[in-house]
>>> print(open('data.cif').read())   # mmCIF, C-alpha atoms (C1' of nucleotides); chains and numbers go by the auth columns
data_protein
#
loop_
_atom_site.group_PDB
_atom_site.id
_atom_site.type_symbol
_atom_site.label_atom_id
_atom_site.label_comp_id
_atom_site.label_asym_id
_atom_site.label_seq_id
_atom_site.Cartn_x
_atom_site.Cartn_y
_atom_site.Cartn_z
_atom_site.B_iso_or_equiv
_atom_site.auth_seq_id
_atom_site.auth_asym_id
ATOM 1 C CA MET A 1 15.600 -8.475 14.621 0.00 227 A
ATOM 2 C CA LYS A 2 16.534 -11.836 13.215 0.00 228 A
ATOM 3 C CA ILE A 3 17.455 -11.672 9.536 0.00 229 A
ATOM 4 C CA GLN A 4 16.121 -14.297 7.152 0.00 230 A
ATOM 5 C CA ALA A 5 17.867 -15.534 4.028 0.00 231 A
ATOM 6 C CA PRO A 6 16.096 -14.513 0.831 0.00 232 A
ATOM 7 C CA PRO A 7 13.971 -17.171 -0.893 0.00 233 A
ATOM 8 C CA THR A 8 15.789 -18.986 -3.690 0.00 234 A
ATOM 9 C CA SER A 9 12.730 -19.585 -5.837 0.00 235 A
ATOM 10 C CA GLN A 10 9.024 -18.919 -6.131 0.00 236 A
ATOM 11 C CA GLU A 11 8.393 -22.333 -4.624 0.00 237 A
ATOM 12 C CA ASP A 12 10.658 -21.540 -1.692 0.00 238 A
ATOM 13 C CA LEU A 13 8.830 -18.261 -1.137 0.00 239 A
ATOM 14 C CA LEU A 14 5.420 -19.929 -1.292 0.00 240 A
ATOM 15 C CA MET A 15 6.525 -22.618 1.111 0.00 241 A
ATOM 16 C CA ARG A 16 7.572 -20.008 3.653 0.00 242 A
ATOM 17 C CA ALA A 17 4.346 -18.098 3.138 0.00 243 A
ATOM 18 C CA HIS A 18 2.278 -21.211 3.748 0.00 244 A
ATOM 19 C CA ARG A 19 4.099 -21.766 7.031 0.00 245 A
ATOM 20 C CA LEU A 20 2.660 -18.454 8.196 0.00 246 A
ATOM 21 C CA ALA A 21 -0.948 -19.468 7.631 0.00 247 A
ATOM 22 C CA GLY A 22 -2.727 -19.975 10.915 0.00 248 A
ATOM 23 C CA LEU A 23 -0.082 -18.245 12.995 0.00 249 A
ATOM 24 C CA CYS A 24 -0.777 -14.972 14.759 0.00 250 A
ATOM 25 C CA LEU A 25 1.481 -11.957 14.401 0.00 251 A
ATOM 26 C CA ALA A 26 2.859 -12.451 17.911 0.00 252 A
ATOM 27 C CA ASP A 27 4.109 -15.922 16.907 0.00 253 A
ATOM 28 C CA VAL A 28 6.050 -14.458 14.008 0.00 254 A
ATOM 29 C CA ALA A 29 7.302 -11.535 16.073 0.00 255 A
ATOM 30 C CA SER A 30 8.618 -13.851 18.740 0.00 256 A
ATOM 31 C CA GLU A 31 10.423 -15.980 16.172 0.00 257 A
ATOM 32 C CA LEU A 32 12.070 -12.863 14.752 0.00 258 A
ATOM 33 C CA LYS A 33 12.699 -11.375 18.188 0.00 259 A
ATOM 34 C CA VAL A 34 10.781 -8.173 17.626 0.00 260 A
ATOM 35 C CA ASN A 35 8.346 -6.408 19.946 0.00 261 A
ATOM 36 C CA VAL A 36 4.635 -6.310 19.221 0.00 262 A
ATOM 37 C CA PRO A 37 2.986 -2.874 19.308 0.00 263 A
ATOM 38 C CA HIS A 38 -0.250 -2.471 21.276 0.00 264 A
ATOM 39 C CA ASN A 39 -1.901 -0.765 18.340 0.00 265 A
ATOM 40 C CA PHE A 40 -0.962 0.569 14.929 0.00 266 A
ATOM 41 C CA LYS A 41 -1.497 4.277 15.577 0.00 267 A
ATOM 42 C CA ARG A 42 2.257 4.785 15.506 0.00 268 A
ATOM 43 C CA HIS A 43 3.224 1.512 13.841 0.00 269 A
ATOM 44 C CA LYS A 44 1.167 1.490 10.683 0.00 270 A
ATOM 45 C CA GLY A 45 3.551 -0.537 8.556 0.00 271 A
ATOM 46 C CA TRP A 46 4.508 -3.025 11.246 0.00 272 A
ATOM 47 C CA SER A 47 2.638 -6.066 9.907 0.00 273 A
ATOM 48 C CA GLY A 48 3.983 -5.582 6.426 0.00 274 A
ATOM 49 C CA GLN A 49 7.562 -5.226 7.592 0.00 275 A
ATOM 50 C CA LEU A 50 7.237 -8.218 9.897 0.00 276 A
ATOM 51 C CA ILE A 51 6.037 -10.437 7.057 0.00 277 A
ATOM 52 C CA GLU A 52 8.669 -8.993 4.715 0.00 278 A
ATOM 53 C CA CYS A 53 11.336 -9.936 7.181 0.00 279 A
ATOM 54 C CA TYR A 54 9.989 -13.431 7.763 0.00 280 A
ATOM 55 C CA LEU A 55 9.841 -14.115 4.043 0.00 281 A
ATOM 56 C CA GLY A 56 13.352 -12.798 3.484 0.00 282 A
ATOM 57 C CA ALA A 57 12.525 -9.644 1.576 0.00 283 A
ATOM 58 C CA THR A 58 15.305 -7.110 1.428 0.00 284 A
ATOM 59 C CA ALA A 59 14.238 -4.167 3.526 0.00 285 A
ATOM 60 C CA GLY A 60 14.529 -1.112 1.393 0.00 286 A
ATOM 61 C CA SER A 61 12.730 1.831 -0.065 0.00 287 A
ATOM 62 C CA LYS A 62 13.631 1.216 -3.684 0.00 288 A
ATOM 63 C CA PRO A 63 10.827 1.634 -6.238 0.00 289 A
ATOM 64 C CA GLU A 64 10.837 -1.996 -7.266 0.00 290 A
ATOM 65 C CA GLN A 65 9.348 -5.361 -6.366 0.00 291 A
ATOM 66 C CA ASP A 66 10.112 -6.910 -3.003 0.00 292 A
ATOM 67 C CA PHE A 67 11.581 -9.974 -4.695 0.00 293 A
ATOM 68 C CA VAL A 68 13.096 -8.602 -7.891 0.00 294 A
ATOM 69 C CA GLU A 69 14.788 -11.878 -8.838 0.00 295 A
ATOM 70 C CA LEU A 70 11.462 -13.680 -8.587 0.00 296 A
ATOM 71 C CA GLY A 71 9.454 -10.846 -10.116 0.00 297 A
ATOM 72 C CA ILE A 72 7.128 -10.866 -7.117 0.00 298 A
ATOM 73 C CA GLU A 73 5.705 -8.054 -5.009 0.00 299 A
ATOM 74 C CA LEU A 74 4.604 -8.741 -1.428 0.00 300 A
ATOM 75 C CA LYS A 75 1.449 -7.195 0.053 0.00 301 A
ATOM 76 C CA THR A 76 -0.289 -7.823 3.341 0.00 302 A
ATOM 77 C CA LEU A 77 -4.056 -7.365 3.234 0.00 303 A
ATOM 78 C CA PRO A 78 -6.065 -6.504 6.365 0.00 304 A
ATOM 79 C CA LEU A 79 -9.408 -8.333 6.361 0.00 305 A
ATOM 80 C CA SER A 80 -12.644 -7.777 8.259 0.00 306 A
ATOM 81 C CA TYR A 81 -14.476 -10.555 10.109 0.00 307 A
ATOM 82 C CA ALA A 82 -16.428 -10.998 6.876 0.00 308 A
ATOM 83 C CA LEU A 83 -13.111 -11.558 5.088 0.00 309 A
ATOM 84 C CA ARG A 84 -13.363 -8.336 3.123 0.00 310 A
ATOM 85 C CA PRO A 85 -10.482 -5.856 2.686 0.00 311 A
ATOM 86 C CA LEU A 86 -10.523 -3.196 5.408 0.00 312 A
ATOM 87 C CA GLU A 87 -8.157 -0.827 3.673 0.00 313 A
ATOM 88 C CA THR A 88 -7.111 0.205 0.191 0.00 314 A
ATOM 89 C CA THR A 89 -3.724 -1.109 -0.914 0.00 315 A
ATOM 90 C CA TYR A 90 -0.837 1.261 -1.486 0.00 316 A
ATOM 91 C CA VAL A 91 0.926 0.527 -4.758 0.00 317 A
ATOM 92 C CA CYS A 92 3.612 3.136 -5.321 0.00 318 A
ATOM 93 C CA TYR A 93 4.514 6.784 -5.444 0.00 319 A
ATOM 94 C CA ALA A 94 3.043 8.700 -8.335 0.00 320 A
ATOM 95 C CA PRO A 95 5.336 10.659 -10.642 0.00 321 A
ATOM 96 C CA LEU A 96 4.019 14.209 -10.881 0.00 322 A
ATOM 97 C CA ARG A 97 6.611 15.553 -13.308 0.00 323 A
ATOM 98 C CA HIS A 98 9.243 14.244 -15.701 0.00 324 A
ATOM 99 C CA MET A 99 6.888 11.427 -16.665 0.00 325 A
ATOM 100 C CA MET A 100 7.025 12.034 -20.397 0.00 326 A
ATOM 101 C CA GLY A 101 7.745 8.801 -22.196 0.00 327 A
ATOM 102 C CA VAL A 102 6.349 6.681 -19.410 0.00 328 A
ATOM 103 C CA THR A 103 3.634 4.323 -20.595 0.00 329 A
ATOM 104 C CA TRP A 104 1.473 1.796 -18.810 0.00 330 A
ATOM 105 C CA GLU A 105 3.796 -0.936 -20.027 0.00 331 A
ATOM 106 C CA THR A 106 6.796 0.731 -18.402 0.00 332 A
ATOM 107 C CA SER A 107 4.973 2.100 -15.367 0.00 333 A
ATOM 108 C CA ASN A 108 5.861 1.315 -11.809 0.00 334 A
ATOM 109 C CA VAL A 109 2.245 0.413 -11.104 0.00 335 A
ATOM 110 C CA ARG A 110 2.220 -2.323 -13.753 0.00 336 A
ATOM 111 C CA ASN A 111 5.672 -3.541 -12.800 0.00 337 A
ATOM 112 C CA LYS A 112 4.715 -3.949 -9.162 0.00 338 A
ATOM 113 C CA LEU A 113 1.353 -5.554 -9.781 0.00 339 A
ATOM 114 C CA GLN A 114 2.392 -8.051 -12.440 0.00 340 A
ATOM 115 C CA LYS A 115 2.711 -10.711 -9.796 0.00 341 A
ATOM 116 C CA VAL A 116 1.755 -10.208 -6.156 0.00 342 A
ATOM 117 C CA LEU A 117 1.967 -12.497 -3.160 0.00 343 A
ATOM 118 C CA TRP A 118 -0.955 -11.419 -0.967 0.00 344 A
ATOM 119 C CA ILE A 119 -0.840 -12.285 2.710 0.00 345 A
ATOM 120 C CA PRO A 120 -4.296 -11.833 4.289 0.00 346 A
ATOM 121 C CA ILE A 121 -4.255 -10.875 7.964 0.00 347 A
ATOM 122 C CA GLN A 122 -7.120 -10.248 10.364 0.00 348 A
ATOM 123 C CA GLY A 123 -7.381 -6.485 10.560 0.00 349 A
ATOM 124 C CA GLU A 124 -10.281 -5.561 12.819 0.00 350 A
ATOM 125 C CA ARG A 125 -9.221 -2.869 15.240 0.00 351 A
ATOM 126 C CA ASP A 126 -10.664 -4.710 18.214 0.00 352 A
ATOM 127 C CA ILE A 127 -8.170 -7.529 17.707 0.00 353 A
ATOM 128 C CA PRO A 128 -4.818 -6.656 19.339 0.00 354 A
ATOM 129 C CA PRO A 129 -2.018 -6.700 16.724 0.00 355 A
ATOM 130 C CA GLY A 130 -0.301 -9.687 18.252 0.00 356 A
ATOM 131 C CA GLU A 131 -3.461 -11.801 18.203 0.00 357 A
ATOM 132 C CA ARG A 132 -4.261 -11.220 14.560 0.00 358 A
ATOM 133 C CA ILE A 133 -4.247 -14.430 12.535 0.00 359 A
ATOM 134 C CA ILE A 134 -2.452 -14.747 9.225 0.00 360 A
ATOM 135 C CA GLY A 135 -4.306 -16.406 6.370 0.00 361 A
ATOM 136 C CA SER A 136 -3.234 -18.532 3.429 0.00 362 A
ATOM 137 C CA PRO A 137 -1.093 -16.727 0.868 0.00 363 A
ATOM 138 C CA ILE A 138 -2.463 -15.953 -2.564 0.00 364 A
ATOM 139 C CA LEU A 139 -0.066 -15.701 -5.493 0.00 365 A
ATOM 140 C CA TRP A 140 -1.892 -13.521 -7.990 0.00 366 A
ATOM 141 C CA GLN A 141 -1.374 -12.271 -11.490 0.00 367 A
ATOM 142 C CA PRO A 142 -3.945 -9.844 -12.886 0.00 368 A
ATOM 143 C CA SER A 143 -6.445 -11.262 -15.351 0.00 369 A
ATOM 144 C CA ALA A 144 -6.790 -9.557 -18.730 0.00 370 A
ATOM 145 C CA LYS A 145 -9.844 -7.745 -17.422 0.00 371 A
ATOM 146 C CA GLN A 146 -8.185 -6.638 -14.186 0.00 372 A
ATOM 147 C CA SER A 147 -5.142 -5.481 -16.100 0.00 373 A
ATOM 148 C CA LEU A 148 -7.231 -3.451 -18.521 0.00 374 A
ATOM 149 C CA LEU A 149 -9.113 -1.755 -15.691 0.00 375 A
ATOM 150 C CA MET A 150 -5.858 -0.765 -14.020 0.00 376 A
ATOM 151 C CA GLN A 151 -4.419 0.490 -17.288 0.00 377 A
ATOM 152 C CA GLN A 152 -7.472 2.629 -18.020 0.00 378 A
ATOM 153 C CA ASP A 153 -7.325 4.264 -14.607 0.00 379 A
ATOM 154 C CA TRP A 154 -3.590 4.739 -14.749 0.00 380 A
ATOM 155 C CA GLU A 155 -3.833 6.417 -18.142 0.00 381 A
ATOM 156 C CA GLU A 156 -6.683 8.676 -17.051 0.00 382 A
ATOM 157 C CA LEU A 157 -4.842 9.759 -13.913 0.00 383 A
ATOM 158 C CA MET A 158 -1.512 10.213 -15.671 0.00 384 A
ATOM 159 C CA ASP A 159 -3.205 12.235 -18.404 0.00 385 A
ATOM 160 C CA MET A 160 -4.614 14.580 -15.810 0.00 386 A
ATOM 161 C CA ILE A 161 -1.223 14.898 -14.122 0.00 387 A
ATOM 162 C CA SER A 162 0.454 15.588 -17.467 0.00 388 A
ATOM 163 C CA LEU A 163 -2.129 18.246 -18.275 0.00 389 A
ATOM 164 C CA GLY A 164 -1.459 20.087 -15.042 0.00 390 A
ATOM 165 C CA GLN A 165 -4.665 18.977 -13.352 0.00 391 A
ATOM 166 C CA VAL A 166 -3.199 17.115 -10.387 0.00 392 A
ATOM 167 C CA GLU A 167 -4.905 19.488 -7.958 0.00 393 A
ATOM 168 C CA SER A 168 -8.303 18.537 -9.315 0.00 394 A
ATOM 169 C CA ILE A 169 -7.741 14.801 -8.922 0.00 395 A
ATOM 170 C CA THR A 170 -9.726 13.338 -6.042 0.00 396 A
ATOM 171 C CA ALA A 171 -9.831 9.786 -4.718 0.00 397 A
ATOM 172 C CA ARG A 172 -13.176 9.375 -6.491 0.00 398 A
ATOM 173 C CA ILE A 173 -11.519 9.132 -9.882 0.00 399 A
ATOM 174 C CA GLY A 174 -10.668 5.670 -11.168 0.00 400 A
ATOM 175 C CA GLN A 175 -12.603 2.411 -11.243 0.00 401 A
ATOM 176 C CA VAL A 176 -10.000 0.280 -9.468 0.00 402 A
ATOM 177 C CA LEU A 177 -7.002 2.570 -8.938 0.00 403 A
ATOM 178 C CA GLN A 178 -7.115 5.857 -7.088 0.00 404 A
ATOM 179 C CA LEU A 179 -4.648 8.660 -6.419 0.00 405 A
ATOM 180 C CA ARG A 180 -4.377 9.962 -2.858 0.00 406 A
ATOM 181 C CA PRO A 181 -1.928 11.995 -0.763 0.00 407 A
ATOM 182 C CA LYS A 182 1.104 10.033 0.390 0.00 408 A
ATOM 183 C CA ALA A 183 3.302 11.918 2.800 0.00 409 A
ATOM 184 C CA ALA A 184 4.424 12.312 6.373 0.00 410 A
ATOM 185 C CA ASP A 185 2.053 15.258 6.848 0.00 411 A
ATOM 186 C CA GLY A 186 0.515 18.221 5.126 0.00 412 A
ATOM 187 C CA SER A 187 3.746 20.148 5.080 0.00 413 A
ATOM 188 C CA ALA A 188 5.392 17.768 2.609 0.00 414 A
ATOM 189 C CA LEU A 189 5.506 19.310 -0.841 0.00 415 A
ATOM 190 C CA THR A 190 6.842 18.202 -4.193 0.00 416 A
ATOM 191 C CA GLU A 191 6.994 19.728 -7.651 0.00 417 A
ATOM 192 C CA ALA A 192 4.252 18.986 -10.132 0.00 418 A
ATOM 193 C CA ILE A 193 2.946 20.262 -13.443 0.00 419 A
ATOM 194 C CA GLY A 194 0.550 23.179 -13.052 0.00 420 A
ATOM 195 C CA ASN A 195 -1.571 25.206 -15.412 0.00 421 A
ATOM 196 C CA ASN A 196 0.051 25.974 -18.753 0.00 422 A
ATOM 197 C CA GLY A 197 2.946 23.699 -17.938 0.00 423 A
ATOM 198 C CA SER A 198 4.154 25.794 -15.054 0.00 424 A
ATOM 199 C CA THR A 199 5.746 24.199 -11.988 0.00 425 A
ATOM 200 C CA ILE A 200 3.700 24.092 -8.817 0.00 426 A
ATOM 201 C CA LEU A 201 4.207 22.641 -5.361 0.00 427 A
ATOM 202 C CA THR A 202 1.679 20.081 -4.195 0.00 428 A
ATOM 203 C CA ARG A 203 1.288 17.228 -1.749 0.00 429 A
ATOM 204 C CA PRO A 204 3.009 14.041 -2.924 0.00 430 A
ATOM 205 C CA ARG A 205 0.560 11.398 -4.168 0.00 431 A
ATOM 206 C CA GLY A 206 0.478 7.643 -4.356 0.00 432 A
ATOM 207 C CA PHE A 207 -1.496 5.059 -6.306 0.00 433 A
ATOM 208 C CA TYR A 208 -3.831 2.839 -4.304 0.00 434 A
ATOM 209 C CA LEU A 209 -5.985 -0.166 -5.224 0.00 435 A
ATOM 210 C CA ARG A 210 -9.623 0.128 -4.214 0.00 436 A
ATOM 211 C CA LYS A 211 -11.003 -2.420 -1.769 0.00 437 A
ATOM 212 C CA GLU A 212 -13.472 -3.711 -4.347 0.00 438 A
ATOM 213 C CA PHE A 213 -10.537 -4.593 -6.571 0.00 439 A
ATOM 214 C CA THR A 214 -8.577 -6.487 -3.962 0.00 440 A
ATOM 215 C CA GLN A 215 -11.821 -8.223 -3.083 0.00 441 A
ATOM 216 C CA SER A 216 -11.899 -9.482 -6.665 0.00 442 A
ATOM 217 C CA VAL A 217 -8.415 -10.851 -6.094 0.00 443 A
ATOM 218 C CA LEU A 218 -9.670 -12.782 -3.071 0.00 444 A
ATOM 219 C CA ASP A 219 -12.689 -14.027 -4.977 0.00 445 A
ATOM 220 C CA GLY A 220 -10.520 -15.300 -7.790 0.00 446 A
ATOM 221 C CA ALA A 221 -8.496 -17.305 -5.331 0.00 447 A
ATOM 222 C CA PHE A 222 -11.435 -19.375 -4.208 0.00 448 A
ATOM 223 C "C1'" DA B 1 -20.534 3.273 8.430 0.00 20 B
ATOM 224 C "C1'" DG B 2 -17.358 4.119 4.959 0.00 21 B
ATOM 225 C "C1'" DC B 3 -14.493 6.944 2.353 0.00 22 B
ATOM 226 C "C1'" DT B 4 -11.162 10.472 1.355 0.00 23 B
ATOM 227 C "C1'" DG B 5 -7.604 12.996 2.741 0.00 24 B
ATOM 228 C "C1'" DA B 6 -4.119 12.948 6.364 0.00 25 B
ATOM 229 C "C1'" DT B 7 -0.795 10.814 8.940 0.00 26 B
ATOM 230 C "C1'" DC B 8 3.039 7.639 11.298 0.00 27 B
ATOM 231 C "C1'" DA B 9 7.728 5.052 11.212 0.00 28 B
ATOM 232 C "C1'" DT B 10 11.837 4.190 8.798 0.00 29 B
ATOM 233 C "C1'" DA B 11 15.933 4.235 5.283 0.00 30 B
ATOM 234 C "C1'" DC B 12 18.765 6.953 2.593 0.00 31 B
ATOM 235 C "C1'" DG C 1 12.390 15.003 -0.248 0.00 242 C
ATOM 236 C "C1'" DT C 2 11.535 10.238 -2.156 0.00 243 C
ATOM 237 C "C1'" DA C 3 9.948 5.970 -1.373 0.00 244 C
ATOM 238 C "C1'" DT C 4 9.003 1.905 1.282 0.00 245 C
ATOM 239 C "C1'" DG C 5 5.637 -0.373 4.822 0.00 246 C
ATOM 240 C "C1'" DA C 6 0.652 0.946 5.624 0.00 247 C
ATOM 241 C "C1'" DT C 7 -3.536 2.595 8.944 0.00 248 C
ATOM 242 C "C1'" DC C 8 -5.791 6.512 11.108 0.00 249 C
ATOM 243 C "C1'" DA C 9 -9.654 9.502 11.800 0.00 250 C
ATOM 244 C "C1'" DG C 10 -12.596 13.462 10.579 0.00 251 C
ATOM 245 C "C1'" DC C 11 -16.245 14.357 7.701 0.00 252 C
ATOM 246 C "C1'" DT C 12 -19.988 13.363 4.845 0.00 253 C
#
>>> encode(input="data.cif", output="structure tokens")
Amino acid sequence: MKIQAPPTSQEDLLMRAHRLAGLCLADVASELKVNVPHNFKRHKGWSGQLIECYLGATAGSKPEQDFVELGIELKTLPLSYALRPLETTYVCYAPLRHMMGVTWETSNVRNKLQKVLWIPIQGERDIPPGERIIGSPILWQPSAKQSLLMQQDWEELMDMISLGQVESITARIGQVLQLRPKAADGSALTEAIGNNGSTILTRPRGFYLRKEFTQSVLDGAF
DNA sequence: AGCTGATCATAC
DNA sequence: GTATGATCAGCT
């Protein structure tokens, strides 16, 4: 895969992102010399990593923004024919223990979502990955209202985790954020707080943004 | 049909 | 296992 130099500024990043608009994923893949999968069953993160690479993000699994120097997180967003989000958006791993002292202000969720460069991409399953068209980038910062909604959900979910109720959290909790399993498979286990402060083993979880919320991001951009 | 819970690939 | 990139697919 061809390696791209990292963007030197927000303007540089936006300029590169705008160059992607109107291209299909196969165009970008060919420029970077990578193969295009026939479907995403075994290549679920392919689009995101392709765009990351094109925009010069440092490939890594560190719990921080894609462009730390610019304070910007990159997210691709699969859209339906009606231009609505087809999937929830993964934000980050959820701490299930040792989270005392962590507040919304210092949380990984807030840090990552302070400024996001959204790259919309056609996501209907009947469109082969390579033929999917990339849309215009949206540089977004949460409004006061959006930020408050996220904070409320984060605090509710973190309270439950702190109180040893992680096992009773379902994806139905939260207005805009939700907590769902995030692991390779059902055999993955991690330590969490259980009843009476005991330590239990449970499936790792991650924070996700609901589709209705990312829709509000798209709406605000037009 | 859409959502929730499960799953896939990769780096370290 | 932790954490990134996400989408899949069974069930309601």
>>> interface_residues(input="data.cif", of="chain B", to="chain A", cutoff="7 Å", atoms="all atoms listed in the file", output="PDB file with C-alpha atoms (C1' of nucleotides), keeping the file's coordinate frame")
ATOM      1  C1'  DT B  23     -11.162  10.472   1.355  1.00  0.00           C
ATOM      2  C1'  DG B  24      -7.604  12.996   2.741  1.00  0.00           C
ATOM      3  C1'  DA B  25      -4.119  12.948   6.364  1.00  0.00           C
ATOM      4  C1'  DT B  26      -0.795  10.814   8.940  1.00  0.00           C
ATOM      5  C1'  DC B  27       3.039   7.639  11.298  1.00  0.00           C
ATOM      6  C1'  DA B  28       7.728   5.052  11.212  1.00  0.00           C
ATOM      7  C1'  DA B  30      15.933   4.235   5.283  1.00  0.00           C
TER       8       DA B  30
END
>>> atom_distance(input="data.cif", atom1="CA of Leu296 (chain A)", atom2="CA of Met384 (chain A)")
28.1 Å
>>> resolve_selection(input="data.cif", expression="the PyMOL selection byres ((chain C) within 10 of (chain A))", output="compact mmCIF listing (two decimals) with C-alpha atoms (C1' of nucleotides), in the frame of the given file")
# COMPACT_ATOMS: atom_id res chain seq x y z
C1' DG C 242 12.39 15.00 -0.25
C1' DT C 243 11.54 10.24 -2.16
C1' DA C 244 9.95 5.97 -1.37
C1' DT C 245 9.00 1.90 1.28
C1' DG C 246 5.64 -0.37 4.82
C1' DA C 247 0.65 0.95 5.62
C1' DT C 248 -3.54 2.60 8.94
C1' DC C 249 -5.79 6.51 11.11
>>> atom_distance(input="data.cif", atom1="CA of Glu381 (chain A)", atom2="CA of Asn334 (chain A)")
12.7 Å
>>> resolve_selection(input="data.cif", expression="the PyMOL selection byres ((chain A and resi 247-249) around 12)", output="JSON, numbers by chain")
{"A": [240, 241, 242, 243, 244, 245, 246, 250, 251, 252, 253, 254, 255, 256, 257, 277, 344, 345, 346, 347, 348, 356, 357, 358, 359, 360, 361, 362, 363, 364]}
>>> resolve_selection(input="data.cif", expression="the PyMOL selection byres ((chain C and resi 253) around 10)", output="JSON, numbers by chain")
{"B": [21, 22, 23], "C": [251, 252]}
>>> atom_distance(input="data.cif", atom1="CA of Glu295 (chain A)", atom2="CA of Ser235 (chain A)")
8.5 Å
>>> residues_around(input="data.cif", residues="Ser333 (chain A)", least_positions_apart="4", cutoff="12 Å", atoms="only C-alpha atoms (C1' of nucleotides)", output="list in words")
Pro289, Glu290, Val317, Cys318, Tyr319, Ala320, Pro321, Met325, Met326, Gly327, Val328, Thr329, Asn337, Lys338, Leu339, Gln340, Met376, Gln377, Trp380, Glu381, Met384 and Phe433 of chain A
>>> residues_around(input="data.cif", residues="Gln367 (chain A)", least_positions_apart="5", cutoff="12 Å", atoms="all atoms listed in the file", output="PDB file with C-alpha atoms, keeping the file's coordinate frame")
ATOM      1  CA  GLY A 297       9.454 -10.846 -10.116  1.00  0.00           C
ATOM      2  CA  ILE A 298       7.128 -10.866  -7.117  1.00  0.00           C
ATOM      3  CA  GLU A 299       5.705  -8.054  -5.009  1.00  0.00           C
ATOM      4  CA  ARG A 336       2.220  -2.323 -13.753  1.00  0.00           C
ATOM      5  CA  ASN A 337       5.672  -3.541 -12.800  1.00  0.00           C
ATOM      6  CA  LYS A 338       4.715  -3.949  -9.162  1.00  0.00           C
ATOM      7  CA  LEU A 339       1.353  -5.554  -9.781  1.00  0.00           C
ATOM      8  CA  GLN A 340       2.392  -8.051 -12.440  1.00  0.00           C
ATOM      9  CA  LYS A 341       2.711 -10.711  -9.796  1.00  0.00           C
ATOM     10  CA  VAL A 342       1.755 -10.208  -6.156  1.00  0.00           C
ATOM     11  CA  LEU A 343       1.967 -12.497  -3.160  1.00  0.00           C
ATOM     12  CA  TRP A 344      -0.955 -11.419  -0.967  1.00  0.00           C
ATOM     13  CA  GLN A 372      -8.185  -6.638 -14.186  1.00  0.00           C
ATOM     14  CA  SER A 373      -5.142  -5.481 -16.100  1.00  0.00           C
ATOM     15  CA  THR A 440      -8.577  -6.487  -3.962  1.00  0.00           C
ATOM     16  CA  SER A 442     -11.899  -9.482  -6.665  1.00  0.00           C
ATOM     17  CA  VAL A 443      -8.415 -10.851  -6.094  1.00  0.00           C
ATOM     18  CA  LEU A 444      -9.670 -12.782  -3.071  1.00  0.00           C
ATOM     19  CA  GLY A 446     -10.520 -15.300  -7.790  1.00  0.00           C
ATOM     20  CA  ALA A 447      -8.496 -17.305  -5.331  1.00  0.00           C
TER      21      ALA A 447
END
